[in-house]
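Trainee: Next comes entry-v1.cif, mmCIF, C-alpha atoms:
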data_my_file
loop_
_atom_site.group_PDB
_atom_site.id
_atom_site.type_symbol
_atom_site.label_atom_id
_atom_site.label_comp_id
_atom_site.auth_asym_id
_atom_site.auth_seq_id
_atom_site.Cartn_x
_atom_site.Cartn_y
_atom_site.Cartn_z
ATOM 1 C CA MET O 98 156.956 84.275 84.856
ATOM 2 C CA ALA O 99 160.284 85.485 83.455
ATOM 3 C CA SER O 100 161.958 82.135 84.228
ATOM 4 C CA LYS O 101 159.105 80.248 82.524
ATOM 5 C CA LYS O 102 159.424 82.441 79.414
ATOM 6 C CA GLN O 103 163.205 81.896 79.415
ATOM 7 C CA SER O 104 162.661 78.138 79.721
ATOM 8 C CA LEU O 105 160.250 78.125 76.749
ATOM 9 C CA LEU O 106 162.686 80.148 74.644
ATOM 10 C CA ARG O 107 165.522 77.768 75.512
ATOM 11 C CA GLU O 108 163.365 74.751 74.609
ATOM 12 C CA ALA O 109 162.393 76.347 71.275
ATOM 13 C CA SER O 110 166.054 77.179 70.575
ATOM 14 C CA HIS O 111 167.044 73.556 71.224
ATOM 15 C CA GLN O 112 164.373 72.285 68.815
ATOM 16 C CA ILE O 113 165.320 74.793 66.089
ATOM 17 C CA ILE O 114 169.086 74.176 66.362
ATOM 18 C CA ALA O 115 168.693 70.375 66.524
ATOM 19 C CA GLY O 116 166.236 70.366 63.598
ATOM 20 C CA GLY O 117 168.466 72.598 61.479
ATOM 21 C CA SER O 118 171.511 70.414 62.213
ATOM 22 C CA ALA O 119 169.574 67.284 61.251
ATOM 23 C CA GLY O 120 168.537 68.782 57.914
ATOM 24 C CA LEU O 121 172.010 70.053 57.027
ATOM 25 C CA VAL O 122 173.683 66.696 57.685
ATOM 26 C CA GLU O 123 171.015 64.809 55.720
ATOM 27 C CA ILE O 124 171.139 67.037 52.625
ATOM 28 C CA CYS O 125 174.946 67.012 52.420
ATOM 29 C CA LEU O 126 175.010 63.197 52.545
ATOM 30 C CA MET O 127 172.027 62.419 50.331
ATOM 31 C CA HIS O 128 171.701 65.152 47.660
ATOM 32 C CA PRO O 129 173.168 63.134 44.726
ATOM 33 C CA LEU O 130 170.272 60.680 45.052
ATOM 34 C CA ASP O 131 167.819 63.576 44.968
ATOM 35 C CA VAL O 132 169.288 64.682 41.607
ATOM 36 C CA VAL O 133 168.896 61.145 40.213
ATOM 37 C CA LYS O 134 165.325 60.905 41.556
ATOM 38 C CA THR O 135 164.338 64.211 39.903
ATOM 39 C CA ARG O 136 165.840 63.165 36.538
ATOM 40 C CA PHE O 137 163.723 59.991 36.524
ATOM 41 C CA GLN O 138 160.569 61.860 37.506
ATOM 42 C CA ILE O 139 160.782 64.495 34.753
ATOM 43 C CA GLN O 140 161.499 62.090 31.868
ATOM 44 C CA ARG O 141 158.382 61.242 29.891
ATOM 45 C CA GLY O 142 158.643 57.588 28.943
ATOM 46 C CA LYS O 143 160.757 55.831 26.309
ATOM 47 C CA ALA O 144 159.934 58.442 23.673
ATOM 48 C CA ASP O 145 161.919 61.007 25.661
ATOM 49 C CA PRO O 146 165.263 61.459 23.803
ATOM 50 C CA ASN O 147 167.012 61.886 27.164
ATOM 51 C CA ASN O 148 165.526 58.727 28.649
ATOM 52 C CA TYR O 149 167.737 56.847 31.128
ATOM 53 C CA LYS O 150 167.769 53.059 30.794
ATOM 54 C CA GLY O 151 168.097 52.461 34.522
ATOM 55 C CA LEU O 152 169.601 53.644 37.792
ATOM 56 C CA GLY O 153 173.156 52.678 36.832
ATOM 57 C CA ASP O 154 172.826 54.315 33.408
ATOM 58 C CA CYS O 155 171.622 57.529 35.056
ATOM 59 C CA PHE O 156 174.618 57.646 37.426
ATOM 60 C CA ARG O 157 177.067 56.886 34.591
ATOM 61 C CA THR O 158 175.528 59.412 32.183
ATOM 62 C CA ILE O 159 175.513 62.250 34.713
ATOM 63 C CA PHE O 160 179.109 61.491 35.721
ATOM 64 C CA ARG O 161 180.285 61.221 32.081
ATOM 65 C CA THR O 162 178.517 64.278 30.651
ATOM 66 C CA GLU O 163 178.256 66.610 33.649
ATOM 67 C CA GLY O 164 181.062 65.500 35.944
ATOM 68 C CA VAL O 165 180.976 64.739 39.660
ATOM 69 C CA TYR O 166 179.529 68.201 40.379
ATOM 70 C CA GLY O 167 176.503 67.211 38.308
ATOM 71 C CA PHE O 168 175.336 65.189 41.315
ATOM 72 C CA TYR O 169 175.298 68.368 43.395
ATOM 73 C CA LYS O 170 173.237 70.495 41.008
ATOM 74 C CA GLY O 171 170.626 72.484 42.866
ATOM 75 C CA ILE O 172 172.232 71.822 46.271
ATOM 76 C CA LEU O 173 172.415 75.486 47.324
ATOM 77 C CA PRO O 174 168.619 76.042 47.505
ATOM 78 C CA PRO O 175 168.085 73.064 49.850
ATOM 79 C CA ILE O 176 171.139 74.045 51.939
ATOM 80 C CA LEU O 177 169.787 77.596 52.240
ATOM 81 C CA ALA O 178 166.335 76.183 52.976
ATOM 82 C CA GLU O 179 167.341 73.120 54.970
ATOM 83 C CA THR O 180 168.156 74.783 58.272
ATOM 84 C CA PRO O 181 164.896 76.790 58.429
ATOM 85 C CA LYS O 182 162.984 73.929 56.762
ATOM 86 C CA ARG O 183 163.995 71.199 59.206
ATOM 87 C CA ALA O 184 163.929 73.674 62.081
ATOM 88 C CA VAL O 185 160.305 74.416 61.133
ATOM 89 C CA LYS O 186 159.616 70.677 60.677
ATOM 90 C CA PHE O 187 160.776 69.598 64.133
ATOM 91 C CA PHE O 188 159.814 72.778 66.019
ATOM 92 C CA THR O 189 156.233 72.808 64.682
ATOM 93 C CA PHE O 190 155.919 69.049 65.257
ATOM 94 C CA GLU O 191 156.742 69.559 68.933
ATOM 95 C CA GLN O 192 154.309 72.502 69.183
ATOM 96 C CA TYR O 193 151.463 70.689 67.416
ATOM 97 C CA LYS O 194 152.123 67.663 69.634
ATOM 98 C CA LYS O 195 151.718 69.845 72.746
ATOM 99 C CA LEU O 196 148.502 71.410 71.442
ATOM 100 C CA LEU O 197 147.023 68.024 70.507
ATOM 101 C CA SER O 198 147.716 66.663 73.987
ATOM 102 C CA PHE O 199 144.698 68.755 75.101
ATOM 103 C CA THR O 200 142.371 67.054 72.581
ATOM 104 C CA LEU O 201 140.536 63.742 72.749
ATOM 105 C CA LEU O 202 142.866 62.146 70.175
ATOM 106 C CA SER O 203 144.771 59.065 71.268
ATOM 107 C CA PRO O 204 148.526 59.650 71.801
ATOM 108 C CA GLY O 205 149.389 57.596 68.702
ATOM 109 C CA MET O 206 146.925 59.467 66.466
ATOM 110 C CA ALA O 207 148.052 62.813 67.893
ATOM 111 C CA LEU O 208 151.632 62.061 66.756
ATOM 112 C CA SER O 209 150.446 61.464 63.179
ATOM 113 C CA VAL O 210 148.255 64.588 63.113
ATOM 114 C CA ALA O 211 151.123 66.649 64.546
ATOM 115 C CA GLY O 212 153.313 65.252 61.764
ATOM 116 C CA LEU O 213 150.704 66.255 59.162
ATOM 117 C CA GLY O 214 150.597 69.789 60.562
ATOM 118 C CA SER O 215 154.383 70.110 60.601
ATOM 119 C CA GLY O 216 154.577 68.857 57.003
ATOM 120 C CA LEU O 217 152.037 71.380 55.723
ATOM 121 C CA THR O 218 153.846 74.206 57.541
ATOM 122 C CA GLU O 219 157.221 73.028 56.225
ATOM 123 C CA ALA O 220 155.880 72.932 52.649
ATOM 124 C CA LEU O 221 154.879 76.599 52.767
ATOM 125 C CA VAL O 222 158.436 77.534 53.760
ATOM 126 C CA VAL O 223 160.297 75.314 51.306
ATOM 127 C CA ASN O 224 158.283 75.466 48.067
ATOM 128 C CA PRO O 225 160.063 78.474 46.459
ATOM 129 C CA PHE O 226 163.424 76.783 47.095
ATOM 130 C CA GLU O 227 162.071 73.562 45.552
ATOM 131 C CA VAL O 228 161.051 75.402 42.371
ATOM 132 C CA VAL O 229 164.595 76.718 41.912
ATOM 133 C CA LYS O 230 166.186 73.374 42.860
ATOM 134 C CA VAL O 231 164.115 71.304 40.404
ATOM 135 C CA SER O 232 164.749 73.741 37.537
ATOM 136 C CA LEU O 233 168.515 73.484 38.182
ATOM 137 C CA GLN O 234 168.445 69.689 38.529
ATOM 138 C CA ALA O 235 166.558 69.374 35.225
ATOM 139 C CA ASN O 236 169.372 71.258 33.441
ATOM 140 C CA ARG O 237 171.605 68.687 31.679
ATOM 141 C CA ASP O 238 174.373 71.132 30.772
ATOM 142 C CA SER O 239 177.795 70.866 32.370
ATOM 143 C CA PHE O 240 177.918 72.206 35.920
ATOM 144 C CA LYS O 241 180.376 74.917 34.788
ATOM 145 C CA VAL O 242 178.017 76.476 32.231
ATOM 146 C CA GLN O 243 174.674 76.205 34.005
ATOM 147 C CA PRO O 244 173.219 79.350 35.659
ATOM 148 C CA SER O 245 173.851 80.000 39.341
ATOM 149 C CA THR O 246 171.141 79.478 41.943
ATOM 150 C CA PHE O 247 170.462 83.201 42.265
ATOM 151 C CA ALA O 248 170.479 83.741 38.477
ATOM 152 C CA GLN O 249 167.937 80.920 38.082
ATOM 153 C CA ALA O 250 165.740 82.398 40.812
ATOM 154 C CA ARG O 251 165.871 85.824 39.119
ATOM 155 C CA THR O 252 164.923 84.255 35.762
ATOM 156 C CA ILE O 253 161.894 82.526 37.301
ATOM 157 C CA ILE O 254 160.770 85.717 39.073
ATOM 158 C CA ASN O 255 161.284 87.929 35.999
ATOM 159 C CA THR O 256 159.460 85.470 33.725
ATOM 160 C CA ASP O 257 156.598 84.258 35.910
ATOM 161 C CA GLY O 258 156.666 86.262 39.152
ATOM 162 C CA PHE O 259 156.233 85.042 42.730
ATOM 163 C CA GLY O 260 152.802 83.460 42.318
ATOM 164 C CA LEU O 261 151.499 79.971 41.582
ATOM 165 C CA ARG O 262 152.935 80.069 38.060
ATOM 166 C CA GLY O 263 156.301 81.360 39.220
ATOM 167 C CA LEU O 264 158.265 80.901 42.415
ATOM 168 C CA ASN O 265 155.357 79.148 44.148
ATOM 169 C CA LYS O 266 154.174 76.826 41.385
ATOM 170 C CA GLY O 267 153.442 73.284 42.453
ATOM 171 C CA LEU O 268 152.463 74.403 45.963
ATOM 172 C CA THR O 269 149.546 71.954 46.265
ATOM 173 C CA SER O 270 151.816 69.047 45.298
ATOM 174 C CA THR O 271 154.436 70.189 47.803
ATOM 175 C CA LEU O 272 151.773 70.410 50.530
ATOM 176 C CA GLY O 273 150.649 66.870 49.675
ATOM 177 C CA ARG O 274 154.215 65.541 49.535
ATOM 178 C CA HIS O 275 155.315 66.976 52.869
ATOM 179 C CA GLY O 276 152.012 66.528 54.686
ATOM 180 C CA VAL O 277 151.669 62.838 53.832
ATOM 181 C CA PHE O 278 155.375 62.122 54.399
ATOM 182 C CA ASN O 279 155.567 63.729 57.843
ATOM 183 C CA MET O 280 152.251 62.259 58.973
ATOM 184 C CA ILE O 281 153.573 58.738 58.405
ATOM 185 C CA TYR O 282 157.211 59.530 59.264
ATOM 186 C CA PHE O 283 156.615 60.944 62.738
ATOM 187 C CA GLY O 284 153.595 58.775 63.533
ATOM 188 C CA PHE O 285 155.368 55.532 62.604
ATOM 189 C CA TYR O 286 158.716 56.396 64.213
ATOM 190 C CA PHE O 287 157.501 57.518 67.628
ATOM 191 C CA ASN O 288 154.718 54.928 67.938
ATOM 192 C CA VAL O 289 157.020 52.017 67.023
ATOM 193 C CA LYS O 290 159.913 53.397 69.109
ATOM 194 C CA ASP O 291 157.634 53.528 72.156
ATOM 195 C CA ALA O 292 156.402 49.975 71.476
ATOM 196 C CA ILE O 293 159.872 48.392 71.190
ATOM 197 C CA PRO O 294 161.794 48.362 74.510
ATOM 198 C CA ALA O 295 164.960 50.477 74.660
ATOM 199 C CA SER O 296 168.348 48.757 75.022
ATOM 200 C CA GLN O 297 170.880 49.583 77.722
ATOM 201 C CA ASP O 298 173.707 48.975 75.234
ATOM 202 C CA PRO O 299 174.376 52.334 73.437
ATOM 203 C CA ARG O 300 175.293 50.588 70.165
ATOM 204 C CA LEU O 301 172.153 48.437 70.168
ATOM 205 C CA GLU O 302 170.048 51.464 71.094
ATOM 206 C CA PHE O 303 171.567 53.397 68.176
ATOM 207 C CA MET O 304 170.787 50.505 65.814
ATOM 208 C CA ARG O 305 167.220 50.223 67.192
ATOM 209 C CA LYS O 306 166.532 53.896 66.487
ATOM 210 C CA PHE O 307 168.282 53.791 63.113
ATOM 211 C CA ALA O 308 166.272 50.739 61.986
ATOM 212 C CA ILE O 309 162.947 52.313 63.018
ATOM 213 C CA GLY O 310 163.917 55.583 61.304
ATOM 214 C CA LEU O 311 164.967 53.684 58.156
ATOM 215 C CA VAL O 312 161.616 51.886 57.936
ATOM 216 C CA SER O 313 159.631 55.057 58.672
ATOM 217 C CA GLY O 314 161.484 56.983 55.946
ATOM 218 C CA THR O 315 161.012 54.122 53.476
ATOM 219 C CA VAL O 316 157.283 53.640 54.114
ATOM 220 C CA SER O 317 156.648 57.396 53.968
ATOM 221 C CA SER O 318 158.510 57.631 50.640
ATOM 222 C CA CYS O 319 156.465 54.815 49.095
ATOM 223 C CA VAL O 320 153.165 56.440 50.060
ATOM 224 C CA ASN O 321 153.889 60.066 49.110
ATOM 225 C CA ILE O 322 155.787 59.595 45.826
ATOM 226 C CA PRO O 323 152.807 60.306 43.481
ATOM 227 C CA PHE O 324 152.740 63.829 44.973
ATOM 228 C CA ASP O 325 156.509 64.044 44.427
ATOM 229 C CA VAL O 326 156.198 63.042 40.751
ATOM 230 C CA ALA O 327 153.418 65.607 40.231
ATOM 231 C CA LYS O 328 155.571 68.276 41.909
ATOM 232 C CA SER O 329 158.566 67.509 39.669
ATOM 233 C CA ARG O 330 156.428 67.614 36.506
ATOM 234 C CA ILE O 331 154.832 70.940 37.460
ATOM 235 C CA GLN O 332 158.061 72.591 38.635
ATOM 236 C CA GLY O 333 160.312 71.090 35.948
ATOM 237 C CA PRO O 334 160.469 72.040 32.247
ATOM 238 C CA GLN O 335 157.226 71.507 30.312
ATOM 239 C CA PRO O 336 157.310 69.119 27.291
ATOM 240 C CA VAL O 337 156.573 71.974 24.851
ATOM 241 C CA PRO O 338 158.257 75.294 25.723
ATOM 242 C CA GLY O 339 155.705 78.039 26.314
ATOM 243 C CA GLU O 340 152.833 75.563 26.666
ATOM 244 C CA ILE O 341 151.779 74.537 30.198
ATOM 245 C CA LYS O 342 150.815 70.867 30.221
ATOM 246 C CA TYR O 343 151.105 70.077 33.923
ATOM 247 C CA ARG O 344 148.968 72.650 35.770
ATOM 248 C CA SER O 345 147.831 71.278 39.135
ATOM 249 C CA CYS O 346 148.534 68.362 41.448
ATOM 250 C CA PHE O 347 145.657 65.996 40.743
ATOM 251 C CA GLN O 348 145.337 67.026 37.071
ATOM 252 C CA THR O 349 149.015 66.068 36.664
ATOM 253 C CA MET O 350 148.562 62.730 38.459
ATOM 254 C CA ALA O 351 145.565 61.880 36.244
ATOM 255 C CA LEU O 352 147.434 62.925 33.078
ATOM 256 C CA VAL O 353 150.560 60.904 33.956
ATOM 257 C CA TYR O 354 148.383 57.867 34.775
ATOM 258 C CA ARG O 355 146.409 58.170 31.519
ATOM 259 C CA GLU O 356 149.428 58.703 29.232
ATOM 260 C CA GLU O 357 152.129 56.593 30.934
ATOM 261 C CA GLY O 358 150.367 54.151 33.279
ATOM 262 C CA TYR O 359 150.215 53.952 37.075
ATOM 263 C CA LEU O 360 153.878 52.914 37.405
ATOM 264 C CA ALA O 361 154.889 56.356 36.107
ATOM 265 C CA LEU O 362 153.508 57.784 39.363
ATOM 266 C CA TYR O 363 156.286 55.852 41.128
ATOM 267 C CA LYS O 364 159.173 57.061 38.961
ATOM 268 C CA GLY O 365 162.288 57.751 40.992
ATOM 269 C CA LEU O 366 161.086 55.533 43.859
ATOM 270 C CA ILE O 367 164.351 53.578 44.204
ATOM 271 C CA PRO O 368 166.669 56.628 44.485
ATOM 272 C CA LYS O 369 164.049 58.292 46.716
ATOM 273 C CA ILE O 370 164.074 55.296 49.075
ATOM 274 C CA MET O 371 167.876 55.115 48.882
ATOM 275 C CA ARG O 372 167.934 58.762 49.976
ATOM 276 C CA LEU O 373 165.038 59.111 52.424
ATOM 277 C CA GLY O 374 165.259 55.643 53.994
ATOM 278 C CA PRO O 375 168.710 56.137 55.568
ATOM 279 C CA GLY O 376 168.307 59.928 55.305
ATOM 280 C CA GLY O 377 165.148 59.783 57.397
ATOM 281 C CA ALA O 378 166.971 57.728 60.010
ATOM 282 C CA VAL O 379 169.935 60.151 59.997
ATOM 283 C CA MET O 380 167.632 63.148 60.504
ATOM 284 C CA LEU O 381 165.831 61.678 63.495
ATOM 285 C CA LEU O 382 169.046 60.446 65.118
ATOM 286 C CA VAL O 383 170.890 63.748 64.614
ATOM 287 C CA TYR O 384 167.849 65.601 65.966
ATOM 288 C CA GLU O 385 167.597 63.422 69.068
ATOM 289 C CA TYR O 386 171.338 63.369 69.854
ATOM 290 C CA VAL O 387 171.858 67.113 69.240
ATOM 291 C CA SER O 388 168.738 67.880 71.279
ATOM 292 C CA ASP O 389 169.987 65.714 74.165
ATOM 293 C CA TRP O 390 173.431 67.353 73.990
ATOM 294 C CA LEU O 391 171.906 70.844 74.064
ATOM 295 C CA GLN O 392 169.713 69.976 77.046
ATOM 296 C CA LYS O 393 172.740 68.735 78.989
ATOM 297 C CA ASN O 394 175.155 71.506 78.010
ATOM 298 C CA TRP O 395 172.954 74.575 77.405
#
Rewrite the structure from the file as structure tokens, please.
Mentor:
Amino acid sequence: MASKKQSLLREASHQIIAGGSAGLVEICLMHPLDVVKTRFQIQRGKADPNNYKGLGDCFRTIFRTEGVYGFYKGILPPILAETPKRAVKFFTFEQYKKLLSFTLLSPGMALSVAGLGSGLTEALVVNPFEVVKVSLQANRDSFKVQPSTFAQARTIINTDGFGLRGLNKGLTSTLGRHGVFNMIYFGFYFNVKDAIPASQDPRLEFMRKFAIGLVSGTVSSCVNIPFDVAKSRIQGPQPVPGEIKYRSCFQTMALVYREEGYLALYKGLIPKIMRLGPGGAVMLLVYEYVSDWLQKNW
């Protein structure tokens, strides 16, 4: 009994460490694209005085007015959250997958449902960090004069509290974003990986996994982005200070669609794909390789 408990604890430790490592590597590589994506999502059409003309204009403007550190605004909240966030993501996926193996669901469907469960759990952990991150990323001041992460968090708590108008606003949108993303991400990756034969050549095997991860991250990003846009609008600055325009997930989606057209629900899609396509592949590969290393050496 003691050896079985020790084995379960070791397995859980492997999943948590590998998941945390995957998240940390991904955020450090891909955060600048997350800043660009958020800037596109919070601008409100051509009438917005801070409207970017395109992806290149956004990169140039941030670099010119805010410096290279402008691309790393809001990075501390995801770094602080990333280890527990991705640890929760991969650990809960593995646990939900085990539980669902006792149901009548097909193995392929069970992978997607386990992904949905892990995404919803992950969203509950990460949403307060997302609120702080988005508010920092929306700040167009120079990196040197903007408030620190902890000062911004204190301002949000002192002004609006911990609830759904404060540090947990946009929770429904975050649940939708992470739930839908992980459902497709895990379901697509593991189902396709099992369907395509493995290669004996380590380089080809790496490329096979990377390509499947790239496609899974890209497809997931395309499907869940309306939730991401709604989240950014709710958590970002409102058009009129002191007046709440974007209140809830589906109300925000309907309002954006009515005022700006359906394409506005896909704002920031290109930088999101540029980040979460390769970023999704990096996460899965780091998770698998770190997990394998831990199993062999610990």
Trainee: May I ask which of the residues O:Ser245, O:Val231, O:Gly310, O:Leu221 is the closest one to Gly276 in chain O, counting only C-alpha atoms?
Mentor: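 Under the stated criterion, the closest residue is O:Leu221.
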Trainee: Looking at all atoms listed in the file, which of O:Ala250, O:Leu352, O:Val312, O:Val222 is the one that sits closest to Pro375 in chain O?
Mentor: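 Closest to Pro375 in chain O, using all atoms listed in the file: O:Val312.
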Trainee: Could you tell me, as a list in words, exactly which residues end up selected when the PyMOL selection byres ((chain O and resi 348) around 12) is applied to this structure?
Mentor: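 Selected by the PyMOL selection byres ((chain O and resi 348) around 12) here: Gly267, Thr269, Ser270, Pro323, Phe324, Ala327, Lys328, Arg330, Ile331, Lys342, Tyr343, Arg344, Ser345, Cys346, Phe347, Thr349, Met350, Ala351, Leu352, Val353, Tyr354 and Arg355 of chain O.
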Trainee: List every residue of range 241-345 of chain O that has an atom at most 10 Å from any atom of range 362-365 of chain O, and for each one report the closest atom pair and its distance in Å to one decimal, counting all atoms listed in the file, with rows sorted by chain and then by increasing residue number, as CSV.
Mentor:
residue,atom,partner,partner_atom,distance
O:Ser318,CA,O:Tyr363,CA,9.9
O:Cys319,CA,O:Tyr363,CA,8.0
O:Val320,CA,O:Tyr363,CA,9.5
O:Asn321,CA,O:Tyr363,CA,9.3
O:Ile322,CA,O:Tyr363,CA,6.0
O:Pro323,CA,O:Leu362,CA,4.9
O:Phe324,CA,O:Leu362,CA,8.3
O:Asp325,CA,O:Leu362,CA,8.6
O:Val326,CA,O:Leu362,CA,6.1
O:Ala327,CA,O:Leu362,CA,7.9
Trainee: Kindly assemble as CSV a list of the range 208-319 of chain O residues that lie within 12 Å of range 121-135 of chain O, each paired with its nearest atom pair and their distance in Å to one decimal, using all atoms listed in the file, sorted first by chain and then by ascending residue number.
Mentor:
residue,atom,partner,partner_atom,distance
O:Glu227,CA,O:Thr135,CA,11.2
O:Val228,CA,O:Thr135,CA,11.9
O:Lys230,CA,O:Val132,CA,9.3
O:Val231,CA,O:Thr135,CA,7.1
O:Ser232,CA,O:Thr135,CA,9.8
O:Leu233,CA,O:Val132,CA,9.5
O:Gln234,CA,O:Val132,CA,5.9
O:Ala235,CA,O:Thr135,CA,7.3
O:Asn236,CA,O:Val132,CA,10.5
O:Arg237,CA,O:Val132,CA,11.0
O:Ser318,CA,O:Lys134,CA,11.8
Trainee: For this structure, which residues satisfy the selection - the PyMOL selection byres ((chain O and resi 388) around 12) - when it is evaluated on the file as given? I want them as number ranges by chain.
Mentor: O: 107-119, 184, 187-188, 380-387, 389-395
Trainee: List, as a list in words, every residue that the PyMOL selection byres ((chain O and resi 208) around 8) selects in the file provided.
Mentor: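 Given this file, the PyMOL selection byres ((chain O and resi 208) around 8) evaluates to Lys194, Pro204, Gly205, Met206, Ala207, Ser209, Val210, Ala211, Gly212, Met280, Phe283, Gly284, Phe287 and Asn288 of chain O.
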Trainee: With all atoms listed in the file as the atoms that count, which of O:Pro244, O:Pro181, O:Gly216, O:Gly314 lies nearest to Thr271 in chain O?
Mentor: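 With all atoms listed in the file as the atom set, the closest residue is O:Gly216.
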Trainee: For a test of reading the model, state the distance in Å between CA of Tyr359 in chain O and CA of Thr315 in chain O, rounded to one decimal.
Mentor: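 Separation between CA of Tyr359 in chain O and CA of Thr315 in chain O: 19.6 Å.
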Trainee: Go through O:Leu201, O:Val242, O:Leu196, O:Leu217 one by one, measure the shortest atom-to-atom distance of each to Gly167 in chain O using only C-alpha atoms, and give the residue with the smallest value.
Mentor: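 Using only C-alpha atoms, Gly167 in chain O sits closest to O:Val242.
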Trainee: To one decimal in Å, tell me the separation between CA of Val277 in chain O and CA of Ser317 in chain O.
Mentor: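 These two atoms are separated by 7.4 Å.
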Trainee: Could you jot down the CA of Ala292 in chain O to CA of Gly377 in chain O separation for me, Å, one decimal place?
Mentor: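 Computed distance, CA of Ala292 in chain O to CA of Gly377 in chain O, equals 19.3 Å.
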Trainee: Name the residues in contact with Arg141 in chain O at a cut-off of 9 Å, using all atoms listed in the file, excluding same-chain residues fewer than 4 positions from it; report them as a CSV table (one decimal) with C-alpha atoms, keeping the file's coordinate frame.
Mentor:
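In the end it all went to part-v9.csv:
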chain,number,residue,atom,x,y,z
O,137,PHE,CA,163.7,60.0,36.5
O,145,ASP,CA,161.9,61.0,25.7
O,148,ASN,CA,165.5,58.7,28.6
O,336,PRO,CA,157.3,69.1,27.3
O,353,VAL,CA,150.6,60.9,34.0
O,357,GLU,CA,152.1,56.6,30.9
O,361,ALA,CA,154.9,56.4,36.1
Trainee: Excluding Leu177 in chain O and any residue of its chain fewer than 5 positions from it, enumerate the residues within 9 Å of it, using only C-alpha atoms, and give them as a list of chain:residue names.
Mentor: O:Ile172, O:Lys182, O:Phe226
Trainee: When distances are computed from only C-alpha atoms, which of O:Gln332, O:Tyr149, O:Tyr286, O:Pro294 shows the smallest separation from Ile253 in chain O?
Mentor: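 The closest residue to Ile253 in chain O is O:Gln332.
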Trainee: Find the residue from O:Phe199, O:Phe168, O:Tyr282, O:Phe303 that sits nearest to Phe156 in chain O; use all atoms listed in the file when measuring.
Mentor: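 Among O:Phe199, O:Phe168, O:Tyr282, O:Phe303, it is O:Phe168 that comes nearest to Phe156 in chain O.
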Trainee: Mind working out the centre and edge lengths of an axis-aligned box for range 119-137 of chain O, all listed atoms inside, 5 Å added to each side, rounded to one decimal in Å and written as JSON?
Mentor:
{"center_x": 169.4, "center_y": 65.0, "center_z": 48.9, "size_x": 21.3, "size_y": 20.1, "size_z": 34.7}
